[in-house]
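Novice: Input structure: structure.tsv, which contains TSV, C-alpha atoms.
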```
chain	number	residue	atom	x	y	z
P	131	MET	CA	8.24	-46.28	4.72
P	132	LYS	CA	5.66	-43.85	6.12
P	133	ILE	CA	8.01	-42.77	8.88
P	134	LYS	CA	10.76	-42.11	6.35
P	135	LEU	CA	8.28	-40.14	4.22
P	136	MET	CA	7.26	-37.99	7.18
P	137	GLN	CA	10.89	-37.42	8.09
P	138	SER	CA	11.58	-36.32	4.54
P	139	MET	CA	8.59	-33.96	4.58
P	140	ALA	CA	9.67	-32.48	7.90
P	141	ALA	CA	13.20	-32.04	6.57
P	142	ILE	CA	11.84	-30.23	3.52
P	143	ALA	CA	9.74	-27.96	5.73
P	144	ILE	CA	12.67	-27.18	8.02
P	145	THR	CA	14.90	-26.51	5.02
P	146	GLY	CA	12.20	-24.27	3.55
P	147	ALA	CA	11.85	-22.40	6.82
P	148	ALA	CA	15.59	-21.84	7.01
P	149	ALA	CA	15.70	-20.75	3.38
P	150	SER	CA	12.76	-18.41	3.92
P	151	THR	CA	14.39	-16.83	6.96
P	152	SER	CA	17.78	-16.43	5.33
P	153	ALA	CA	16.40	-15.27	1.99
P	154	GLN	CA	13.62	-13.08	3.35
P	155	ALA	CA	14.17	-9.80	1.54
P	156	SER	CA	10.90	-7.92	1.86
P	157	THR	CA	8.37	-6.83	4.46
P	158	VAL	CA	5.02	-5.20	3.68
P	159	LEU	CA	4.81	-1.97	5.68
P	160	TYR	CA	1.55	-0.56	4.33
P	161	ASP	CA	-1.21	-1.75	1.99
P	162	GLN	CA	-4.14	0.61	1.51
P	163	ASP	CA	-6.87	0.60	-1.15
P	164	PHE	CA	-8.71	3.47	0.60
P	165	GLU	CA	-11.98	1.56	0.52
P	166	SER	CA	-12.83	2.00	4.22
P	167	PRO	CA	-12.78	5.70	5.19
P	168	THR	CA	-13.98	6.42	8.70
P	169	GLY	CA	-16.83	8.94	8.63
P	170	PHE	CA	-16.69	9.97	4.96
P	171	VAL	CA	-18.88	13.01	4.33
P	172	ASN	CA	-19.89	14.03	0.82
P	173	ASP	CA	-19.33	17.78	0.93
P	174	GLY	CA	-20.87	18.07	-2.54
P	175	GLY	CA	-19.57	16.91	-5.88
P	176	ASP	CA	-18.61	13.45	-4.59
P	177	ILE	CA	-15.73	14.82	-2.55
P	178	ASN	CA	-14.85	15.06	1.14
P	179	ILE	CA	-12.77	18.23	1.28
P	180	PHE	CA	-13.17	19.38	4.87
P	181	ASN	CA	-11.93	16.25	6.61
P	182	PRO	CA	-8.15	15.64	6.54
P	183	VAL	CA	-6.99	12.32	5.15
P	184	ASN	CA	-5.89	11.34	8.64
P	185	ASP	CA	-9.47	11.71	9.91
P	186	LEU	CA	-10.63	9.16	7.37
P	187	TYR	CA	-7.67	6.78	7.19
P	188	GLY	CA	-5.55	7.39	10.28
P	189	GLY	CA	-5.24	4.32	12.47
P	190	GLN	CA	-5.37	1.97	9.47
P	191	PRO	CA	-3.47	0.06	10.81
P	192	ALA	CA	-3.48	1.07	14.47
P	193	GLY	CA	-0.96	3.78	15.26
P	194	PHE	CA	-0.54	4.87	11.64
P	195	SER	CA	-0.88	8.60	10.83
P	196	PHE	CA	-0.71	10.87	7.79
P	197	ALA	CA	0.75	14.36	7.59
P	198	GLN	CA	-0.63	16.68	4.95
P	199	ALA	CA	-0.30	20.20	3.54
P	200	PHE	CA	-3.44	22.04	2.45
P	201	THR	CA	-6.62	20.05	1.86
P	202	VAL	CA	-5.92	16.70	0.07
P	203	GLU	CA	-9.35	15.36	-0.73
P	204	THR	CA	-11.03	11.97	-0.64
P	205	LEU	CA	-13.05	11.34	-3.79
P	206	LEU	CA	-16.16	9.19	-4.08
P	207	LEU	CA	-15.81	7.43	-7.41
P	208	THR	CA	-19.22	5.75	-7.35
P	209	GLY	CA	-21.36	8.80	-6.53
P	210	ASP	CA	-23.69	10.68	-8.85
P	211	GLN	CA	-22.89	14.36	-8.21
P	212	ALA	CA	-19.52	15.14	-9.83
P	213	PHE	CA	-20.08	16.90	-13.15
P	214	GLY	CA	-23.78	16.12	-12.83
P	215	THR	CA	-23.46	12.38	-13.40
P	216	GLY	CA	-20.67	11.20	-11.12
P	217	TYR	CA	-17.16	10.07	-12.03
P	218	SER	CA	-16.40	7.40	-14.61
P	219	ASP	CA	-13.87	4.65	-13.86
P	220	PRO	CA	-14.08	2.29	-16.86
P	221	THR	CA	-11.61	-0.26	-15.48
P	222	GLY	CA	-12.94	-0.17	-11.91
P	223	THR	CA	-9.37	0.15	-10.64
P	224	GLY	CA	-10.26	2.85	-8.14
P	225	GLY	CA	-13.10	1.02	-6.42
P	226	ASN	CA	-15.23	3.41	-4.37
P	227	TYR	CA	-12.66	5.93	-3.09
P	228	ALA	CA	-9.38	7.56	-4.11
P	229	ILE	CA	-7.19	10.41	-2.84
P	230	GLY	CA	-7.22	13.69	-4.83
P	231	MET	CA	-4.46	16.33	-4.85
P	232	LEU	CA	-3.98	19.81	-6.32
P	233	SER	CA	-0.64	20.84	-7.78
P	234	ASP	CA	-0.68	24.55	-8.60
P	235	ARG	CA	-3.01	26.88	-6.70
P	236	GLN	CA	-2.04	25.00	-3.57
P	237	ASN	CA	0.76	22.47	-3.34
P	238	ASP	CA	-1.01	19.57	-1.66
P	239	LEU	CA	1.35	17.12	0.06
P	240	LEU	CA	1.04	13.87	1.97
P	241	GLY	CA	3.65	12.42	4.31
P	242	LEU	CA	3.85	8.88	5.63
P	243	SER	CA	6.43	7.76	8.21
P	244	PHE	CA	8.01	4.29	8.15
P	245	ASN	CA	10.87	2.31	9.62
P	246	VAL	CA	12.62	0.24	6.95
P	247	GLY	CA	14.82	-1.48	9.52
P	248	SER	CA	17.93	-2.93	7.91
P	249	PHE	CA	16.38	-3.13	4.44
P	250	ASP	CA	18.00	-1.14	1.63
P	251	PHE	CA	14.91	0.09	-0.18
P	252	LEU	CA	11.45	1.44	0.46
P	253	ASN	CA	9.47	0.25	-2.56
P	254	LEU	CA	6.18	1.73	-3.67
P	255	ARG	CA	3.32	0.72	-5.90
P	256	ALA	CA	0.27	2.91	-6.60
P	257	ASP	CA	-2.22	3.82	-9.32
P	258	ILE	CA	-2.35	7.45	-10.49
P	259	SER	CA	-4.81	9.26	-12.74
P	260	SER	CA	-5.76	12.69	-13.96
P	261	ILE	CA	-9.19	13.76	-12.67
P	262	ASP	CA	-10.89	17.05	-11.84
P	263	LEU	CA	-13.39	18.73	-9.51
P	264	ASP	CA	-16.46	20.62	-10.69
P	265	ARG	CA	-16.62	22.85	-7.59
P	266	PHE	CA	-14.48	24.16	-4.71
P	267	GLY	CA	-12.52	26.23	-7.22
P	268	GLY	CA	-12.63	23.68	-10.03
P	269	PRO	CA	-12.49	22.75	-12.79
P	270	PHE	CA	-8.72	23.01	-12.64
P	271	ILE	CA	-7.77	21.04	-15.75
P	272	PRO	CA	-8.21	22.52	-19.26
P	273	ALA	CA	-10.76	20.87	-21.51
P	274	GLY	CA	-8.03	19.13	-23.51
P	275	GLY	CA	-6.68	17.45	-20.39
P	276	LEU	CA	-3.26	17.36	-18.77
P	277	ALA	CA	-1.00	14.44	-17.91
P	278	PRO	CA	-0.30	14.38	-14.16
P	279	VAL	CA	3.21	13.99	-12.76
P	280	PHE	CA	3.57	12.60	-9.24
P	281	ARG	CA	6.82	12.72	-7.29
P	282	PHE	CA	7.58	10.19	-4.56
P	283	SER	CA	10.41	11.35	-2.29
P	284	LEU	CA	12.15	9.65	0.62
P	285	TYR	CA	13.48	11.73	3.54
P	286	ASP	CA	15.69	10.78	6.43
P	287	ASN	CA	13.68	11.01	9.66
P	288	PRO	CA	15.88	9.98	12.61
P	289	THR	CA	13.33	11.09	15.24
P	290	GLY	CA	10.58	8.93	13.74
P	291	ALA	CA	8.14	11.84	13.90
P	292	VAL	CA	5.08	12.10	11.64
P	293	GLY	CA	5.69	14.81	9.06
P	294	LEU	CA	6.17	15.84	5.46
P	295	GLY	CA	9.96	15.52	5.45
P	296	THR	CA	12.48	18.14	6.51
P	297	GLY	CA	15.64	16.05	6.67
P	298	PRO	CA	17.99	15.12	3.84
P	299	VAL	CA	16.36	13.75	0.69
P	300	LEU	CA	17.56	10.17	0.29
P	301	ASP	CA	15.97	9.41	-3.07
P	302	MET	CA	13.01	10.25	-5.33
P	303	PHE	CA	11.30	9.23	-8.54
P	304	ASP	CA	8.60	10.75	-10.78
P	305	VAL	CA	5.73	9.02	-12.57
P	306	THR	CA	3.74	10.55	-15.43
P	307	GLY	CA	0.15	9.56	-16.10
P	308	THR	CA	-2.07	10.03	-19.14
P	309	THR	CA	-4.52	12.73	-20.19
P	310	SER	CA	-8.19	11.97	-19.71
P	311	ALA	CA	-11.57	13.69	-19.61
P	312	ARG	CA	-12.15	15.78	-16.50
P	313	ASP	CA	-14.65	13.27	-15.07
P	314	THR	CA	-12.89	10.06	-16.15
P	315	PHE	CA	-10.15	8.03	-14.50
P	316	ASP	CA	-7.43	6.55	-16.69
P	317	TRP	CA	-5.05	4.79	-14.35
P	318	THR	CA	-1.28	4.43	-14.69
P	319	GLU	CA	0.76	2.19	-12.42
P	320	ALA	CA	3.49	3.88	-10.39
P	321	LEU	CA	6.18	1.44	-9.34
P	322	GLY	CA	9.66	2.17	-8.03
P	323	GLY	CA	12.25	1.68	-5.35
P	324	LEU	CA	13.61	4.44	-3.10
P	325	ASP	CA	17.12	3.94	-1.77
P	326	ALA	CA	17.04	4.10	2.03
P	327	THR	CA	20.65	3.11	2.69
P	328	GLY	CA	21.54	6.68	3.67
P	329	SER	CA	19.02	6.83	6.51
P	330	THR	CA	20.34	7.43	10.01
P	331	ASN	CA	18.50	4.63	11.78
P	332	GLY	CA	15.97	3.22	9.30
P	333	GLU	CA	13.36	5.88	10.10
P	334	VAL	CA	12.15	7.59	6.90
P	335	ILE	CA	9.31	9.72	5.53
P	336	LEU	CA	7.67	9.11	2.18
P	337	ARG	CA	6.35	12.34	0.66
P	338	ILE	CA	3.72	12.20	-2.10
P	339	ASP	CA	3.52	15.35	-4.24
P	340	LEU	CA	1.57	16.12	-7.41
P	341	LEU	CA	4.18	18.13	-9.30
P	342	SER	CA	2.03	19.11	-12.30
P	343	GLY	CA	-1.24	18.32	-14.00
P	344	GLN	CA	-3.39	20.75	-11.97
P	345	TYR	CA	-5.44	18.00	-10.27
P	346	ALA	CA	-5.05	14.22	-10.04
P	347	ALA	CA	-5.67	11.22	-7.84
P	348	PHE	CA	-3.85	8.16	-6.56
P	349	ASP	CA	-5.10	4.88	-5.13
P	350	ASN	CA	-4.08	1.33	-4.14
P	351	LEU	CA	-0.93	2.27	-2.27
P	352	ARG	CA	1.44	-0.54	-1.27
P	353	ILE	CA	4.71	0.09	0.58
P	354	VAL	CA	7.31	-2.65	1.02
P	355	ALA	CA	10.73	-2.58	2.68
P	356	SER	CA	13.07	-4.71	0.61
P	357	ASN	CA	16.64	-5.42	-0.39
P	358	THR	CA	15.56	-5.42	-4.04
P	359	PRO	CA	14.45	-2.16	-5.70
P	360	GLY	CA	10.88	-2.34	-7.01
P	361	ASP	CA	10.02	-5.54	-5.15
P	362	VAL	CA	6.51	-5.06	-3.74
P	363	GLY	CA	5.81	-8.73	-3.09
P	364	GLY	CA	6.19	-10.65	0.13
P	365	VAL	CA	7.43	-13.95	1.53
P	366	PRO	CA	5.81	-16.43	3.93
P	367	GLU	CA	6.13	-15.37	7.53
P	368	PRO	CA	8.24	-17.65	9.74
P	369	THR	CA	5.03	-18.61	11.56
P	370	THR	CA	3.72	-20.11	8.31
P	371	TRP	CA	6.63	-22.54	8.14
P	372	ALA	CA	6.25	-23.25	11.86
P	373	MET	CA	2.59	-24.18	11.32
P	374	MET	CA	3.57	-26.47	8.46
P	375	ILE	CA	6.15	-28.23	10.62
P	376	PHE	CA	3.64	-28.48	13.46
P	377	GLY	CA	1.12	-29.96	11.02
P	378	PHE	CA	3.61	-32.55	9.86
P	379	GLY	CA	4.24	-33.39	13.50
P	380	LEU	CA	0.52	-33.95	14.12
P	381	ILE	CA	0.27	-36.21	11.08
P	382	GLY	CA	3.29	-38.17	12.26
P	383	ASN	CA	1.83	-38.55	15.75
P	384	ALA	CA	-1.49	-39.70	14.30
P	385	MET	CA	0.28	-42.29	12.16
P	386	ARG	CA	2.27	-43.54	15.14
P	387	ARG	CA	-0.93	-43.82	17.24
P	388	ARG	CA	-2.59	-45.76	14.41
P	389	LYS	CA	0.35	-48.15	14.20
P	390	THR	CA	0.16	-48.63	18.00
P	391	LYS	CA	-3.55	-49.44	17.85
P	392	ILE	CA	-3.01	-51.98	15.12
P	393	ARG	CA	-0.24	-53.59	17.08
P	394	PHE	CA	-2.45	-53.88	20.16
P	395	SER	CA	-5.38	-55.32	18.20
P	396	PHE	CA	-3.24	-58.18	16.97
P	397	ALA	CA	-1.58	-58.84	20.34
```
Please express the file's structure as structure tokens.
Specialist:
Amino acid sequence: MKIKLMQSMAAIAITGAAASTSAQASTVLYDQDFESPTGFVNDGGDINIFNPVNDLYGGQPAGFSFAQAFTVETLLLTGDQAFGTGYSDPTGTGGNYAIGMLSDRQNDLLGLSFNVGSFDFLNLRADISSIDLDRFGGPFIPAGGLAPVFRFSLYDNPTGAVGLGTGPVLDMFDVTGTTSARDTFDWTEALGGLDATGSTNGEVILRIDLLSGQYAAFDNLRIVASNTPGDVGGVPEPTTWAMMIFGFGLIGNAMRRRKTKIRFSFA
């Protein structure tokens, strides 16, 4: 009975592994909450303006690099200098750090290079919010507030080079946030799928651009290659199923050894 049970469990695991492999339709390419900048320096006003984003977050993970145009700042959400008291993040969504961008006086841009492989879509999830600076040229946002509009664009990048995107635009989508006080974050979820089927060899560039809103921030960026638009989840890795099968094998061996010992004790 126990042997049949173990065989059934192993069969289920093998079937699950096969189903996982055949149905696997997403791979997480990048997951960044920006909570671990390397060498953050508060240049005043709870902002690191003089260090490029790549100085703080390049190599997370190893080999990963950002391209940027103009400054693109890293904001300290839990400081006490911005606007004299520090920023306010009522929901705590932003944690300690977020990335700030200017839309008008300079067109700040960020570029991230990925290989989507044979997947059809590069899916993105992020949080966006209006926010302002009280120095370095700010405030930028009028007292009544402005709703930020972010554009996420996907470019063909057959060379695989790090950049902001100069090849054909494969797809794009815009996300509009809410108005808020200059010193207060009010987060809106950005979620969408970018069609990568027109890429030359799977190599693409994601460009992040604040189209309007004067100044705004984004955080909690998750990038997933998928065959389903908007899917930012994941599936068990094949190694997970292999470990389960291996575990079942160990249990089966242990049961067989126990049966052998019992048999010997009654011999």
Novice: Identify which of the residues P:Thr201, P:Thr208, P:Ser342, P:Thr308 lies closest to Val183 (chain P), counting only C-alpha atoms when measuring atom-to-atom distances.
Specialist: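 So, comparing all the options, the nearest one is P:Thr201.
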Novice: Pick the closest to Asp361 (chain P) from P:Pro278, P:Gly322, P:Pro182, P:Pro272: which is it, counting only C-alpha atoms?
Specialist: P:Gly322
Novice: Per residue of region 232-304 of chain P within 10 Å of region 173-178 of chain P, record the nearest atom pair and its distance in Å to one decimal, counting all atoms listed in the file, with rows in chain order and ascending residue number, as a tab-separated table.
Specialist:
```
residue	atom	partner	partner_atom	distance
P:Leu263	CA	P:Gly175	CA	7.4
P:Asp264	CA	P:Gly175	CA	6.8
P:Arg265	CA	P:Gly175	CA	6.8
P:Phe266	CA	P:Gly175	CA	8.9
```
Novice: Of the candidates P:Ser243, P:Thr289, P:Thr223, P:Thr327, which shows the shortest atom-to-atom distance to Phe194 (chain P), using only C-alpha atoms?
Specialist: P:Ser243
Novice: Around (-10.3, 14.6, -3.1) in the file's frame, which residues reach within 6 Å when counting all atoms listed in the file? Return as a list in words?
Specialist: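 Checked against the point, the hits come out as Ile177, Val202, Glu203, Thr204, Leu205, Ile229 and Gly230 of chain P.
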Novice: Name the closest residue to Phe315 (chain P) among the candidates P:Leu340, P:Ala347, P:Ala192, P:Leu206; distances are taken between atoms, counting all atoms listed in the file.
Specialist: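 When distances to Phe315 (chain P) are compared using all atoms listed in the file, the smallest one comes from P:Ala347.
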Novice: Figure out the distance between CA of Pro167 (chain P) and CA of Gly209 (chain P), please, to one decimal in Å.
Specialist: 14.9 Å
Novice: Using CA of Arg312 (chain P) and CA of Gly275 (chain P) as the two end points, give the distance in Å to one decimal.
Specialist: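 We find that CA of Arg312 (chain P) and CA of Gly275 (chain P) lie 6.9 Å from each other.
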Novice: Could you check which of P:Asp313, P:Asp185, P:Asp161, P:Asp301 is closest to Asp210 (chain P), using all atoms listed in the file?
Specialist: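 Of all the options, P:Asp313 lies closest to Asp210 (chain P).
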Novice: Let me have the centre and edge lengths of the axis-aligned box enclosing all listed atoms of region 259-278 of chain P with 3 Å padding on every side, in Å to one decimal, as JSON.
Specialist:
```
{"center_x": -8.5, "center_y": 17.7, "center_z": -14.1, "size_x": 22.3, "size_y": 23.0, "size_z": 24.8}
```
Novice: Just how far from CA of Gln211 (chain P) is CA of Leu239 (chain P), in Å to one decimal?
Specialist: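 Between CA of Leu239 (chain P) and CA of Gln211 (chain P) the gap is 25.8 Å.
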Novice: With only C-alpha atoms as the counted atoms, please give the residues lying no more than 10 Å from Gln344 (chain P), apart from itself and same-chain residues fewer than 6 positions off, as a list in words.
Specialist: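 Returned residues: Met231, Leu232, Ser233, Asp234, Arg235, Gln236, Asn237, Ser260, Ile261, Asp262, Gly268, Pro269, Phe270, Ile271, Pro272, Gly275, Leu276, Ala277, Pro278 and Val279 of chain P.
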Novice: Phe196 (chain P): which residues within 6 Å, counting only C-alpha atoms, same-chain residues fewer than 5 positions away excluded, as a compact mmCIF listing (two decimals) with C-alpha atoms, in the frame of the given file?
Specialist:
```
# COMPACT_ATOMS: atom_id res chain seq x y z
CA ASN P 184 -5.89 11.34 8.64
CA GLY P 241 3.65 12.42 4.31
CA LEU P 242 3.85 8.88 5.63
```
Novice: Between P:Ser259, P:Gln190, P:Asn253, P:Thr168, which has the minimum distance to Thr314 (chain P) (counting only C-alpha atoms)?
Specialist: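 Closest candidate: P:Ser259.
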